Amino acid sequence: MSRRTAHGSRRTARSSRRTAPDAQQQTHSSQLQTHSSRRTATDAQLAAPDAQLTAPDAQLTAHRDILVSISDWSLRYAERCAMQPADEHQQPLLLKLLLEKPGNGKCVDCGAADPTWASYTLGVFICQSCSGLHRNITYISKVKSVLLDPWSDAEVEFMASTGNDQAKAKYEEKAKEPKAAVKVDSLNATFQPTKIGNAHGLQITFLTDNSTRNLFVYHADGKEMVDWFNAIRAARYHYLQVAYPGALDTDLVPQLTRNYVKEGLMQKTGPKHTEGFKKRWFTLDDRRLMYFRDALDASARGELFLGSEADGYGVTAGPGAPVQGHHTWPFVITVVTPDRTYLFACETQEEQRDWLAAFHRAVRRPILPQEYAVEARFKHKS
């Protein structure tokens, strides 16, 4: 019994000696875990500044994604953009970068260099002069200054995804061949509610091969017609600024659009003065006298130029010679040009007096240098 107990005691001692190294190994493992925890905390502290930088980096990434595309230029601009700090001035920077994109460096409408305005509904860059035209068609185009106005992320993203070249390709592909090419130098617009029979009636005129072409338009909404009228005036203003650089607005504004000097019915006969007189609608537009079969005709039946008395033009009351052609209106007017004498007849003496006054104002005024070119085109046409 004593032997057995002693033997068990020796075995327990050996087991206790084996357990001691295991306890030491566990203590060492605990120390390693504690050290690892301290390293993790330290790493977390070191990572904190990186975490603070995450917000600006995210903003830069969002802005950079607007510009990044397959082309080399956008990758280059994205790198330049990423170097800038993220603040409230980021949008103008992005827009300035977009202006360097091929096609955006010129006004999409007139081709002027370095546009500083943009239509954020069409996605195109335009010059300051053309921005005035776009302001008159707000239902199609809305404009902002590239550098001075605030821009949203969505607006800048749309400008980046469109641009001048892409917009032109899109809209010009759908455009049909125009029925007529209207030159702005001869374009005019004047409200004609009585003639057209509509309170918002607008008459638009332009020249085709030195012949007057009329367009009569109206709309139920008066503002619509006013917008069109102002758009024509804006186009004329831009043309005159280019044609006469340095001219004052006080000189240009009166030339934007004009009302006719006089309109009304008269009778006229042919060049031999033996034909019967026929009733025609006459319009005096500055020095250009036109006659139409009807007031709303698209084209004039004939036109003549009223020059200066110094160049052989003249106007008198009465026929000046016996008239062979039959006329029912008694008050005759004779208009003399270097090439031909015209006879017109008015229904009343008051009408004759008004027409004579309008003709005299034209022929008693000296011809301007540019008006000689108009006279030459009339002679070439005849």
# chains A, B, ... in the order shown; residues from 1 in each chain; ligands from 1
$ select_by_dssp --residues "range 147-236 of chain A" --states "strand (DSSP E or B)" --output "list in words"
Asn188, Ala189, Thr190, Phe191, Leu202, Gln203, Ile204, Thr205, Phe206, Leu207, Thr208, Ser211, Thr212, Arg213, Asn214, Leu215, Phe216 and Val217 of chain A
$ write_last_selection --atoms "N, CA, C and O atoms" --output "PDB file, in the first residue's frame"
ATOM      1  N   ASN A 188     -35.308  92.253 -91.582  1.00  0.00           N
ATOM      2  CA  ASN A 188     -36.088  93.263 -90.863  1.00  0.00           C
ATOM      3  C   ASN A 188     -37.359  92.625 -90.324  1.00  0.00           C
ATOM      4  O   ASN A 188     -37.844  91.610 -90.859  1.00  0.00           O
ATOM      5  N   ALA A 189     -37.893  93.208 -89.265  1.00  0.00           N
ATOM      6  CA  ALA A 189     -39.142  92.735 -88.668  1.00  0.00           C
ATOM      7  C   ALA A 189     -39.918  93.929 -88.157  1.00  0.00           C
ATOM      8  O   ALA A 189     -39.340  94.849 -87.566  1.00  0.00           O
ATOM      9  N   THR A 190     -41.214  93.911 -88.380  1.00  0.00           N
ATOM     10  CA  THR A 190     -42.071  94.996 -87.902  1.00  0.00           C
ATOM     11  C   THR A 190     -43.453  94.438 -87.599  1.00  0.00           C
ATOM     12  O   THR A 190     -43.943  93.551 -88.313  1.00  0.00           O
ATOM     13  N   PHE A 191     -44.041  94.892 -86.522  1.00  0.00           N
ATOM     14  CA  PHE A 191     -45.374  94.427 -86.147  1.00  0.00           C
ATOM     15  C   PHE A 191     -46.415  95.042 -87.092  1.00  0.00           C
ATOM     16  O   PHE A 191     -46.401  96.247 -87.359  1.00  0.00           O
ATOM     17  N   LEU A 202     -46.653  89.693 -87.057  1.00  0.00           N
ATOM     18  CA  LEU A 202     -45.298  90.196 -87.299  1.00  0.00           C
ATOM     19  C   LEU A 202     -44.928  89.951 -88.762  1.00  0.00           C
ATOM     20  O   LEU A 202     -45.080  88.838 -89.269  1.00  0.00           O
ATOM     21  N   GLN A 203     -44.446  90.986 -89.441  1.00  0.00           N
ATOM     22  CA  GLN A 203     -43.978  90.857 -90.819  1.00  0.00           C
ATOM     23  C   GLN A 203     -42.458  90.824 -90.820  1.00  0.00           C
ATOM     24  O   GLN A 203     -41.799  91.735 -90.313  1.00  0.00           O
ATOM     25  N   ILE A 204     -41.894  89.765 -91.385  1.00  0.00           N
ATOM     26  CA  ILE A 204     -40.448  89.590 -91.484  1.00  0.00           C
ATOM     27  C   ILE A 204     -40.069  89.690 -92.960  1.00  0.00           C
ATOM     28  O   ILE A 204     -40.684  89.047 -93.809  1.00  0.00           O
ATOM     29  N   THR A 205     -39.068  90.498 -93.272  1.00  0.00           N
ATOM     30  CA  THR A 205     -38.637  90.664 -94.656  1.00  0.00           C
ATOM     31  C   THR A 205     -37.133  90.434 -94.774  1.00  0.00           C
ATOM     32  O   THR A 205     -36.372  90.692 -93.835  1.00  0.00           O
ATOM     33  N   PHE A 206     -36.729  89.959 -95.938  1.00  0.00           N
ATOM     34  CA  PHE A 206     -35.319  89.801 -96.268  1.00  0.00           C
ATOM     35  C   PHE A 206     -35.195  89.814 -97.785  1.00  0.00           C
ATOM     36  O   PHE A 206     -36.203  89.756 -98.510  1.00  0.00           O
ATOM     37  N   LEU A 207     -33.975  89.928 -98.268  1.00  0.00           N
ATOM     38  CA  LEU A 207     -33.736  90.015 -99.704  1.00  0.00           C
ATOM     39  C   LEU A 207     -33.233  88.684-100.257  1.00  0.00           C
ATOM     40  O   LEU A 207     -32.393  88.023 -99.636  1.00  0.00           O
ATOM     41  N   THR A 208     -33.758  88.304-101.412  1.00  0.00           N
ATOM     42  CA  THR A 208     -33.275  87.151-102.166  1.00  0.00           C
ATOM     43  C   THR A 208     -33.035  87.605-103.599  1.00  0.00           C
ATOM     44  O   THR A 208     -33.976  87.987-104.300  1.00  0.00           O
ATOM     45  N   SER A 211     -34.447  90.925-104.407  1.00  0.00           N
ATOM     46  CA  SER A 211     -35.908  91.033-104.407  1.00  0.00           C
ATOM     47  C   SER A 211     -36.413  90.784-102.991  1.00  0.00           C
ATOM     48  O   SER A 211     -35.898  89.907-102.280  1.00  0.00           O
ATOM     49  N   THR A 212     -37.416  91.541-102.593  1.00  0.00           N
ATOM     50  CA  THR A 212     -37.937  91.448-101.237  1.00  0.00           C
ATOM     51  C   THR A 212     -38.811  90.212-101.069  1.00  0.00           C
ATOM     52  O   THR A 212     -39.645  89.907-101.920  1.00  0.00           O
ATOM     53  N   ARG A 213     -38.600  89.517 -99.972  1.00  0.00           N
ATOM     54  CA  ARG A 213     -39.404  88.337 -99.628  1.00  0.00           C
ATOM     55  C   ARG A 213     -40.075  88.605 -98.290  1.00  0.00           C
ATOM     56  O   ARG A 213     -39.411  89.003 -97.324  1.00  0.00           O
ATOM     57  N   ASN A 214     -41.385  88.418 -98.218  1.00  0.00           N
ATOM     58  CA  ASN A 214     -42.156  88.669 -97.008  1.00  0.00           C
ATOM     59  C   ASN A 214     -42.572  87.373 -96.327  1.00  0.00           C
ATOM     60  O   ASN A 214     -42.945  86.397 -97.005  1.00  0.00           O
ATOM     61  N   LEU A 215     -42.511  87.376 -95.003  1.00  0.00           N
ATOM     62  CA  LEU A 215     -43.075  86.311 -94.188  1.00  0.00           C
ATOM     63  C   LEU A 215     -44.034  86.960 -93.192  1.00  0.00           C
ATOM     64  O   LEU A 215     -43.652  87.910 -92.493  1.00  0.00           O
ATOM     65  N   PHE A 216     -45.256  86.458 -93.126  1.00  0.00           N
ATOM     66  CA  PHE A 216     -46.248  86.987 -92.188  1.00  0.00           C
ATOM     67  C   PHE A 216     -46.548  85.915 -91.149  1.00  0.00           C
ATOM     68  O   PHE A 216     -47.028  84.825 -91.496  1.00  0.00           O
ATOM     69  N   VAL A 217     -46.250  86.212 -89.911  1.00  0.00           N
ATOM     70  CA  VAL A 217     -46.385  85.220 -88.840  1.00  0.00           C
ATOM     71  C   VAL A 217     -47.165  85.832 -87.687  1.00  0.00           C
ATOM     72  O   VAL A 217     -47.182  87.056 -87.490  1.00  0.00           O
TER      73      VAL A 217
END
$ residues_around --residues "range 255-263 of chain A" --least-positions-apart "2" --cutoff "9 Å" --atoms "only C-alpha atoms" --output "ChimeraX atom specification"
/A:187-191,232-237,240,251-253,265,281-286,354-355,358
$ residues_around --residues "Gln267 in chain A" --least-positions-apart "2" --cutoff "6 Å" --atoms "only C-alpha atoms" --output "mmCIF file with N, CA, C and O atoms, in the first residue's frame"
data_model
loop_
_atom_site.group_PDB
_atom_site.id
_atom_site.type_symbol
_atom_site.label_atom_id
_atom_site.label_comp_id
_atom_site.auth_asym_id
_atom_site.auth_seq_id
_atom_site.Cartn_x
_atom_site.Cartn_y
_atom_site.Cartn_z
ATOM 1 N N PHE A 277 -54.617 101.612 -115.710
ATOM 2 C CA PHE A 277 -54.074 101.636 -114.351
ATOM 3 C C PHE A 277 -54.635 100.460 -113.547
ATOM 4 O O PHE A 277 -55.825 100.156 -113.623
ATOM 5 N N LYS A 278 -53.759 99.813 -112.783
ATOM 6 C CA LYS A 278 -54.172 98.691 -111.945
ATOM 7 C C LYS A 278 -53.878 98.999 -110.479
ATOM 8 O O LYS A 278 -52.847 99.602 -110.158
ATOM 9 N N LYS A 279 -54.787 98.595 -109.647
ATOM 10 C CA LYS A 279 -54.639 98.862 -108.215
ATOM 11 C C LYS A 279 -53.604 97.910 -107.607
ATOM 12 O O LYS A 279 -53.683 96.693 -107.803
ATOM 13 N N ARG A 280 -52.659 98.480 -106.856
ATOM 14 C CA ARG A 280 -51.594 97.699 -106.230
ATOM 15 C C ARG A 280 -51.375 98.204 -104.795
ATOM 16 O O ARG A 280 -51.681 99.349 -104.465
ATOM 17 N N PHE A 344 -48.397 107.086 -110.851
ATOM 18 C CA PHE A 344 -49.250 106.478 -109.842
ATOM 19 C C PHE A 344 -50.473 107.377 -109.636
ATOM 20 O O PHE A 344 -50.406 108.597 -109.853
ATOM 21 N N ALA A 345 -51.577 106.792 -109.207
ATOM 22 C CA ALA A 345 -52.800 107.557 -108.946
ATOM 23 C C ALA A 345 -53.331 107.211 -107.565
ATOM 24 O O ALA A 345 -53.382 106.021 -107.181
#
$ closest_residue --among "A:Phe158, A:Trp117, A:Phe378, A:Tyr313" --to "Phe359 in chain A" --atoms "only C-alpha atoms"
A:Tyr313
$ closest_residue --among "A:Pro92, A:Pro193, A:Pro330, A:Gly111" --to "Lys268 in chain A" --atoms "only C-alpha atoms"
A:Pro330
$ closest_residue --among "A:Asn210, A:Thr316, A:Thr337, A:Gln192" --to "Ala373 in chain A" --atoms "only C-alpha atoms"
A:Asn210
$ atom_distance --atom1 "CA of Val374 in chain A" --atom2 "CA of Ile196 in chain A"
28.6 Å
$ residues_around --residues "Arg353 in chain A" --least-positions-apart "5" --cutoff "12 Å" --atoms "only C-alpha atoms" --output "MDAnalysis selection string"
chainID A and resid 315:318 331:333 345:348 358:360
$ residues_around --residues "range 161-172 of chain A" --least-positions-apart "4" --cutoff "9 Å" --atoms "only C-alpha atoms" --output "list in words"
Ile66, Leu67, Leu98, Leu99, Lys101, Pro102, Gly103, Asn104, Gly105, Lys106, Cys107, Val108, Leu122, Gly123, Val124, Phe125, Ile126, Val156, Glu157 and Lys176 of chain A
$ atom_distance --atom1 "CA of Ser141 in chain A" --atom2 "CA of Asp227 in chain A"
12.9 Å
$ residues_around --residues "Glu371 in chain A" --least-positions-apart "4" --cutoff "9 Å" --atoms "only C-alpha atoms" --output "list in words"
Arg287, Gly307, Ile367, Glu375 and Ala376 of chain A
$ atom_distance --atom1 "CA of Tyr372 in chain A" --atom2 "CA of Val335 in chain A"
18.9 Å
$ residues_around --residues "Ser308 in chain A" --least-positions-apart "3" --cutoff "9 Å" --atoms "only C-alpha atoms" --output "VMD selection string"
chain A and resid 311 to 314 362 to 367
$ write_last_selection --atoms "C-alpha atoms" --output "compact mmCIF listing (two decimals), in the first residue's frame"
# COMPACT_ATOMS: atom_id res chain seq x y z
CA ASP A 311 -28.60 112.14 -109.31
CA GLY A 312 -31.66 112.70 -111.51
CA TYR A 313 -34.51 111.49 -109.31
CA GLY A 314 -37.63 113.61 -108.84
CA ALA A 362 -36.36 110.26 -99.86
CA VAL A 363 -35.18 112.14 -102.96
CA ARG A 364 -34.14 115.30 -101.11
CA ARG A 365 -31.80 113.34 -98.87
CA PRO A 366 -28.18 112.82 -100.06
CA ILE A 367 -27.31 109.24 -100.97
